[in-house]
>>> print(open('final33.pdb').read())   # PDB, C-alpha atoms
ATOM      1  CA  MET A1426      82.838 143.210  76.394
ATOM      2  CA  PRO A1427      84.353 140.123  78.078
ATOM      3  CA  ARG A1428      82.270 136.987  78.060
ATOM      4  CA  ARG A1429      80.299 135.958  81.118
ATOM      5  CA  PRO A1430      80.803 132.190  81.070
ATOM      6  CA  ASP A1431      78.330 129.732  82.508
ATOM      7  CA  GLN A1432      78.490 126.004  83.246
ATOM      8  CA  ASP A1433      77.928 125.144  79.568
ATOM      9  CA  THR A1434      81.053 127.153  78.747
ATOM     10  CA  PHE A1435      83.061 125.431  81.472
ATOM     11  CA  ASP A1436      81.963 122.051  80.099
ATOM     12  CA  ALA A1437      82.850 123.039  76.542
ATOM     13  CA  VAL A1438      86.323 124.300  77.484
ATOM     14  CA  ASP A1439      87.103 121.153  79.468
ATOM     15  CA  ALA A1440      85.907 119.050  76.522
ATOM     16  CA  PHE A1441      88.207 120.977  74.168
ATOM     17  CA  VAL A1442      91.202 120.657  76.498
ATOM     18  CA  GLU A1443      90.631 116.940  76.932
ATOM     19  CA  SER A1444      90.215 116.402  73.180
ATOM     20  CA  THR A1445      93.539 118.113  72.461
ATOM     21  CA  LEU A1446      95.969 117.720  75.361
ATOM     22  CA  PHE A1447      94.454 114.374  76.380
ATOM     23  CA  ALA A1448      93.728 112.935  72.945
ATOM     24  CA  MET A1449      95.753 109.761  73.599
ATOM     25  CA  PRO A1450      93.761 107.125  75.515
ATOM     26  CA  ASP A1451      94.706 106.473  79.135
ATOM     27  CA  PRO A1452      93.420 102.930  79.760
ATOM     28  CA  ALA A1453      94.346 102.856  83.461
ATOM     29  CA  LEU A1454      92.508 106.043  84.382
ATOM     30  CA  GLU A1455      89.591 105.307  82.066
ATOM     31  CA  ALA A1456      89.157 101.866  83.643
ATOM     32  CA  ALA A1457      89.388 103.369  87.126
ATOM     33  CA  GLN A1458      86.650 105.837  86.304
ATOM     34  CA  ALA A1459      84.472 103.128  84.736
ATOM     35  CA  ASP A1460      84.784 100.952  87.842
ATOM     36  CA  ALA A1461      83.957 103.910  90.082
ATOM     37  CA  ASP A1462      80.819 104.616  88.057
ATOM     38  CA  ALA A1463      79.808 100.942  88.043
ATOM     39  CA  ALA A1464      80.195 100.783  91.827
ATOM     40  CA  GLY A1465      78.094 103.914  92.295
ATOM     41  CA  LEU A1466      80.881 105.925  93.893
ATOM     42  CA  PRO A1467      80.330 109.702  94.051
ATOM     43  CA  GLN A1468      81.664 111.532  90.996
ATOM     44  CA  ILE A1469      84.040 113.761  92.918
ATOM     45  CA  GLN A1470      87.370 112.546  91.527
ATOM     46  CA  VAL A1471      89.787 115.018  89.977
ATOM     47  CA  THR A1472      89.340 115.763  86.288
ATOM     48  CA  PRO A1473      92.004 114.781  83.718
ATOM     49  CA  PRO A1474      93.424 118.345  83.617
ATOM     50  CA  GLN A1475      93.577 118.418  87.416
ATOM     51  CA  SER A1476      95.308 115.040  87.580
ATOM     52  CA  ARG A1477      97.822 116.258  85.002
ATOM     53  CA  LEU A1478      98.552 119.276  87.206
ATOM     54  CA  LEU A1479      99.324 116.924  90.098
ATOM     55  CA  GLU A1480     101.649 114.925  87.855
ATOM     56  CA  ILE A1481     103.468 118.072  86.698
ATOM     57  CA  LEU A1482     104.002 119.288  90.269
ATOM     58  CA  ILE A1483     105.225 115.895  91.438
ATOM     59  CA  ARG A1484     107.678 115.580  88.558
ATOM     60  CA  ALA A1485     108.857 119.176  89.011
ATOM     61  CA  ILE A1486     110.019 118.558  92.584
ATOM     62  CA  GLY A1487     111.253 115.012  91.982
ATOM     63  CA  ALA A1488     108.916 113.572  94.598
ATOM     64  CA  GLN A1489     109.650 110.110  95.977
ATOM     65  CA  ARG A1490     107.297 110.059  98.977
ATOM     66  CA  ILE A1491     103.658 111.122  98.597
ATOM     67  CA  LEU A1492     100.806 111.252 101.101
ATOM     68  CA  GLU A1493      97.205 111.351  99.873
ATOM     69  CA  PHE A1494      94.122 112.053 101.982
ATOM     70  CA  GLY A1495      91.115 110.527 100.203
ATOM     71  CA  THR A1496      91.623 107.616  97.796
ATOM     72  CA  LEU A1497      88.058 107.209  96.493
ATOM     73  CA  ALA A1498      88.427 104.900  93.444
ATOM     74  CA  GLY A1499      92.145 105.484  93.059
ATOM     75  CA  TYR A1500      92.037 107.839  90.064
ATOM     76  CA  SER A1501      94.374 110.473  91.504
ATOM     77  CA  THR A1502      96.352 107.766  93.298
ATOM     78  CA  ILE A1503      97.218 106.099  89.999
ATOM     79  CA  ALA A1504      98.034 109.407  88.299
ATOM     80  CA  MET A1505     100.456 110.374  91.058
ATOM     81  CA  ALA A1506     101.992 106.931  91.656
ATOM     82  CA  ARG A1507     102.949 106.659  87.987
ATOM     83  CA  CYS A1508     105.292 109.629  88.501
ATOM     84  CA  LEU A1509     107.314 107.910  91.213
ATOM     85  CA  PRO A1510     110.658 106.151  90.786
ATOM     86  CA  GLU A1511     110.934 102.424  91.543
ATOM     87  CA  GLU A1512     111.932 103.140  95.140
ATOM     88  CA  GLY A1513     109.084 105.626  95.657
ATOM     89  CA  LEU A1514     105.999 105.191  97.810
ATOM     90  CA  LEU A1515     102.552 106.779  97.870
ATOM     91  CA  THR A1516     100.634 106.356 101.128
ATOM     92  CA  THR A1517      96.915 106.917 100.587
ATOM     93  CA  LEU A1518      94.219 107.111 103.259
ATOM     94  CA  GLU A1519      90.603 106.112 102.611
ATOM     95  CA  PHE A1520      87.782 106.100 105.151
ATOM     96  CA  ASP A1521      85.267 103.913 103.272
ATOM     97  CA  PRO A1522      86.190 100.188 102.930
ATOM     98  CA  ALA A1523      83.976  99.833  99.846
ATOM     99  CA  HIS A1524      85.772 102.698  98.136
ATOM    100  CA  ALA A1525      89.111 101.204  99.138
ATOM    101  CA  GLU A1526      88.190  97.855  97.601
ATOM    102  CA  VAL A1527      87.372  99.466  94.261
ATOM    103  CA  ALA A1528      90.511 101.573  94.480
ATOM    104  CA  TRP A1529      92.831  98.647  95.141
ATOM    105  CA  THR A1530      91.466  96.732  92.156
ATOM    106  CA  ASN A1531      92.154  99.787  90.001
ATOM    107  CA  ILE A1532      95.617 100.313  91.491
ATOM    108  CA  GLU A1533      96.619  96.698  90.854
ATOM    109  CA  ARG A1534      95.303  96.760  87.285
ATOM    110  CA  ALA A1535      97.249  99.982  86.634
ATOM    111  CA  GLY A1536     100.464  98.215  87.657
ATOM    112  CA  VAL A1537     101.373 100.566  90.518
ATOM    113  CA  ALA A1538     100.478  98.385  93.520
ATOM    114  CA  ASP A1539     104.150  98.076  94.497
ATOM    115  CA  LEU A1540     104.289 101.866  94.824
ATOM    116  CA  VAL A1541     101.118 102.300  96.895
ATOM    117  CA  ASP A1542     100.349 101.735 100.574
ATOM    118  CA  LEU A1543      96.561 101.953 101.013
ATOM    119  CA  ARG A1544      95.340 102.462 104.585
ATOM    120  CA  VAL A1545      91.638 102.080 105.411
ATOM    121  CA  GLY A1546      89.986 103.956 108.267
ATOM    122  CA  ALA A1547      89.420 107.454 109.577
ATOM    123  CA  ALA A1548      92.506 109.486 108.699
ATOM    124  CA  LEU A1549      92.757 111.148 112.106
ATOM    125  CA  GLU A1550      92.949 107.656 113.621
ATOM    126  CA  THR A1551      95.415 106.359 111.009
ATOM    127  CA  LEU A1552      97.843 109.281 111.278
ATOM    128  CA  PRO A1553      99.167 108.365 114.761
ATOM    129  CA  LEU A1554     100.004 104.903 113.421
ATOM    130  CA  LEU A1555     101.864 106.400 110.481
ATOM    131  CA  ALA A1556     103.763 108.632 112.880
ATOM    132  CA  SER A1557     104.708 105.669 115.072
ATOM    133  CA  GLU A1558     105.994 103.880 111.975
ATOM    134  CA  GLY A1559     108.199 106.825 111.108
ATOM    135  CA  CYS A1560     106.497 107.552 107.784
ATOM    136  CA  GLY A1561     107.897 110.516 105.900
ATOM    137  CA  PRO A1562     109.255 112.980 105.386
ATOM    138  CA  PHE A1563     106.955 113.504 102.428
ATOM    139  CA  ASP A1564     107.777 115.401  99.266
ATOM    140  CA  PHE A1565     104.200 115.966  98.148
ATOM    141  CA  VAL A1566     100.866 115.834  99.980
ATOM    142  CA  PHE A1567      97.438 115.828  98.310
ATOM    143  CA  ILE A1568      94.494 116.636 100.595
ATOM    144  CA  ASP A1569      91.189 115.660  99.009
ATOM    145  CA  ALA A1570      89.125 114.078 101.772
ATOM    146  CA  ASP A1571      86.418 115.286 104.177
ATOM    147  CA  LYS A1572      86.719 119.056 103.992
ATOM    148  CA  VAL A1573      85.932 119.836 107.608
ATOM    149  CA  ASN A1574      89.259 118.250 108.585
ATOM    150  CA  THR A1575      91.416 120.042 106.010
ATOM    151  CA  PRO A1576      93.106 122.212 108.700
ATOM    152  CA  ALA A1577      93.972 119.176 110.829
ATOM    153  CA  TYR A1578      95.268 117.175 107.863
ATOM    154  CA  PHE A1579      97.399 120.079 106.716
ATOM    155  CA  ALA A1580      98.889 120.700 110.158
ATOM    156  CA  TRP A1581      99.860 117.040 110.521
ATOM    157  CA  ALA A1582     101.338 116.898 107.025
ATOM    158  CA  LEU A1583     103.282 120.131 107.436
ATOM    159  CA  ASP A1584     105.254 118.686 110.347
ATOM    160  CA  ARG A1585     106.270 115.790 108.095
ATOM    161  CA  THR A1586     106.898 117.436 104.716
ATOM    162  CA  ARG A1587     110.454 118.283 103.729
ATOM    163  CA  PRO A1588     111.599 121.814 102.921
ATOM    164  CA  GLY A1589     110.838 122.410  99.263
ATOM    165  CA  GLY A1590     107.980 119.929  99.409
ATOM    166  CA  MET A1591     104.445 120.841  98.405
ATOM    167  CA  ILE A1592     101.032 120.426 100.002
ATOM    168  CA  PHE A1593      98.016 120.647  97.686
ATOM    169  CA  ALA A1594      94.578 121.072  99.302
ATOM    170  CA  ASP A1595      91.664 120.663  96.898
ATOM    171  CA  ASN A1596      88.106 122.029  96.951
ATOM    172  CA  VAL A1597      88.815 124.965  99.232
ATOM    173  CA  VAL A1598      86.703 127.643  97.504
ATOM    174  CA  ARG A1599      83.451 125.669  97.824
ATOM    175  CA  GLY A1600      81.646 127.480  95.011
ATOM    176  CA  GLY A1601      82.504 130.791  96.653
ATOM    177  CA  GLY A1602      81.289 129.692 100.072
ATOM    178  CA  ILE A1603      84.710 130.382 101.563
ATOM    179  CA  ALA A1604      83.855 134.098 101.428
ATOM    180  CA  ASP A1605      80.864 133.596 103.742
ATOM    181  CA  PRO A1606      81.772 133.719 107.456
ATOM    182  CA  ASP A1607      78.385 132.193 108.245
ATOM    183  CA  GLY A1608      78.676 129.379 105.715
ATOM    184  CA  SER A1609      78.450 125.625 106.151
ATOM    185  CA  GLU A1610      80.801 123.646 108.377
ATOM    186  CA  ASP A1611      82.958 122.732 105.370
ATOM    187  CA  GLU A1612      83.129 126.352 104.226
ATOM    188  CA  VAL A1613      84.026 127.635 107.687
ATOM    189  CA  ALA A1614      86.760 124.975 107.861
ATOM    190  CA  GLN A1615      88.331 126.395 104.706
ATOM    191  CA  ARG A1616      88.276 129.892 106.222
ATOM    192  CA  THR A1617      89.947 128.504 109.333
ATOM    193  CA  PHE A1618      92.510 126.793 107.105
ATOM    194  CA  HIS A1619      93.380 130.074 105.389
ATOM    195  CA  GLU A1620      93.604 131.940 108.676
ATOM    196  CA  TYR A1621      96.004 129.254 109.890
ATOM    197  CA  LEU A1622      98.115 129.610 106.740
ATOM    198  CA  ALA A1623      98.295 133.366 107.194
ATOM    199  CA  GLU A1624     100.008 132.865 110.565
ATOM    200  CA  GLU A1625     102.212 129.900 109.575
ATOM    201  CA  PRO A1626     105.796 131.030 108.841
ATOM    202  CA  ARG A1627     106.921 127.640 107.536
ATOM    203  CA  VAL A1628     104.987 127.843 104.253
ATOM    204  CA  SER A1629     104.371 130.103 101.312
ATOM    205  CA  ALA A1630     100.847 129.506 100.046
ATOM    206  CA  THR A1631      98.358 130.728  97.498
ATOM    207  CA  THR A1632      94.788 129.855  96.578
ATOM    208  CA  ILE A1633      93.678 129.668  92.950
ATOM    209  CA  GLN A1634      90.022 129.823  91.959
ATOM    210  CA  THR A1635      89.030 127.357  89.252
ATOM    211  CA  VAL A1636      86.124 126.827  86.910
ATOM    212  CA  ALA A1637      85.672 123.552  85.087
ATOM    213  CA  ALA A1638      83.234 120.784  84.238
ATOM    214  CA  LYS A1639      82.880 120.208  87.992
ATOM    215  CA  GLY A1640      81.827 123.829  88.522
ATOM    216  CA  TYR A1641      83.360 126.697  90.490
ATOM    217  CA  ASP A1642      85.924 125.806  93.138
ATOM    218  CA  GLY A1643      89.654 126.159  93.768
ATOM    219  CA  PHE A1644      92.750 124.770  95.445
ATOM    220  CA  THR A1645      95.446 125.912  97.836
ATOM    221  CA  LEU A1646      99.068 125.159  96.981
ATOM    222  CA  SER A1647     101.734 125.538  99.664
ATOM    223  CA  VAL A1648     105.487 125.094  99.498
ATOM    224  CA  VAL A1649     107.342 124.276 102.697
ATOM    225  CA  LEU A1650     110.130 126.785 103.347
TER     226      LEU A1650
END
>>> encode(input="final33.pdb", output="structure tokens")
Amino acid sequence: MPRRPDQDTFDAVDAFVESTLFAMPDPALEAAQADADAAGLPQIQVTPPQSRLLEILIRAIGAQRILEFGTLAGYSTIAMARCLPEEGLLTTLEFDPAHAEVAWTNIERAGVADLVDLRVGAALETLPLLASEGCGPFDFVFIDADKVNTPAYFAWALDRTRPGGMIFADNVVRGGGIADPDGSEDEVAQRTFHEYLAEEPRVSATTIQTVAAKGYDGFTLSVVL
């Protein structure tokens, strides 16, 4: 009979993966996480395996321009920015000024400040400014901010992502809540997002369910056609 894993199993598997594939210390990311914990930021950053997936995708498409929704303490920002060439740029949007302050300290210490443009404020208010500045086209977009606005963030990014570029939306499964049409506002937003994708001819998309130390969730990965 196949195993029926529980959270203890998810934790154990993540611990094994991190002890093998991530055995070498990563001072920049470890320091970023330590500063986030010390500042009392919510522990909702990507895990090391998830950040490695972002790095692999970015390197695979040779990304030079990245857009990130949700900086938090800069953990994923640092992981992605390190993949960029010298002329690359990662634009990251963070709503909370306190989070942004912690993030910028981490970004500077990691040595990637010259590759990062950190904007503070509500993303839906920042996006028109980015558009007026002619930002993009982007090669890779990472959406990991307030979940109720995932559809709006994706729609804006799609218009400004090059063909062959990728858009990665995190935390879309919501512990299975996406299957509930009467779920929370965040869960309904992810259903709306998927319904939008089903009608959008400019992308090919799939959603992958995940289990890990952070529990049951999943992400949507889209390639622009």
>>> residues_around(input="final33.pdb", residues="Leu1454 in chain A", least_positions_apart="5", cutoff="9 Å", atoms="only C-alpha atoms", output="ChimeraX atom specification")
/A:1459,1473,1499-1501,1503-1504,1531,1535
>>> closest_atom_pairs(input="final33.pdb", of="range 1441-1510 of chain A", to="range 1548-1569 of chain A", cutoff="10 Å", atoms="all atoms listed in the file", output="JSON lines")
{"residue": "A:Ile1469", "atom": "CA", "partner": "A:Asp1569", "partner_atom": "CA", "distance": 9.6}
{"residue": "A:Gln1470", "atom": "CA", "partner": "A:Asp1569", "partner_atom": "CA", "distance": 9.0}
{"residue": "A:Val1471", "atom": "CA", "partner": "A:Asp1569", "partner_atom": "CA", "distance": 9.2}
{"residue": "A:Leu1479", "atom": "CA", "partner": "A:Phe1567", "partner_atom": "CA", "distance": 8.5}
{"residue": "A:Leu1482", "atom": "CA", "partner": "A:Phe1565", "partner_atom": "CA", "distance": 8.6}
{"residue": "A:Ile1483", "atom": "CA", "partner": "A:Phe1565", "partner_atom": "CA", "distance": 6.8}
{"residue": "A:Ile1486", "atom": "CA", "partner": "A:Asp1564", "partner_atom": "CA", "distance": 7.7}
{"residue": "A:Gly1487", "atom": "CA", "partner": "A:Asp1564", "partner_atom": "CA", "distance": 8.1}
{"residue": "A:Ala1488", "atom": "CA", "partner": "A:Asp1564", "partner_atom": "CA", "distance": 5.1}
{"residue": "A:Gln1489", "atom": "CA", "partner": "A:Asp1564", "partner_atom": "CA", "distance": 6.5}
{"residue": "A:Arg1490", "atom": "CA", "partner": "A:Phe1563", "partner_atom": "CA", "distance": 4.9}
{"residue": "A:Ile1491", "atom": "CA", "partner": "A:Phe1565", "partner_atom": "CA", "distance": 4.9}
{"residue": "A:Leu1492", "atom": "CA", "partner": "A:Val1566", "partner_atom": "CA", "distance": 4.7}
{"residue": "A:Glu1493", "atom": "CA", "partner": "A:Phe1567", "partner_atom": "CA", "distance": 4.7}
{"residue": "A:Phe1494", "atom": "CA", "partner": "A:Ile1568", "partner_atom": "CA", "distance": 4.8}
{"residue": "A:Gly1495", "atom": "CA", "partner": "A:Asp1569", "partner_atom": "CA", "distance": 5.3}
{"residue": "A:Thr1496", "atom": "CA", "partner": "A:Asp1569", "partner_atom": "CA", "distance": 8.1}
{"residue": "A:Leu1497", "atom": "CA", "partner": "A:Asp1569", "partner_atom": "CA", "distance": 9.4}
{"residue": "A:Ser1501", "atom": "CA", "partner": "A:Phe1567", "partner_atom": "CA", "distance": 9.2}
{"residue": "A:Thr1502", "atom": "CA", "partner": "A:Phe1567", "partner_atom": "CA", "distance": 9.6}
{"residue": "A:Met1505", "atom": "CA", "partner": "A:Phe1567", "partner_atom": "CA", "distance": 9.6}
>>> atom_distance(input="final33.pdb", atom1="CA of Leu1518 in chain A", atom2="CA of Gly1546 in chain A")
7.3 Å
>>> residues_around(input="final33.pdb", residues="Gly1643 in chain A", least_positions_apart="2", cutoff="6 Å", atoms="only C-alpha atoms", output="list in words")
Asn1596, Val1597, Val1598, Ile1633, Gln1634 and Thr1635 of chain A
>>> residues_around(input="final33.pdb", residues="Gly1465 in chain A", least_positions_apart="6", cutoff="12 Å", atoms="only C-alpha atoms", output="NGL selection string")
:A and (1458-1459 or 1497-1498 or 1523-1524 or 1527)
>>> resolve_selection(input="final33.pdb", expression="the PyMOL selection byres ((chain A and resi 1622-1630) around 9)", output="NGL selection string")
:A and (1583 or 1588 or 1617-1621 or 1631-1632 or 1645-1650)
>>> atom_distance(input="final33.pdb", atom1="CA of Ala1638 in chain A", atom2="CA of Phe1435 in chain A")
5.4 Å
>>> closest_residue(input="final33.pdb", among="A:Arg1585, A:Asp1451, A:Ala1485, A:Thr1445", to="Cys1508 in chain A", atoms="all atoms listed in the file")
A:Ala1485
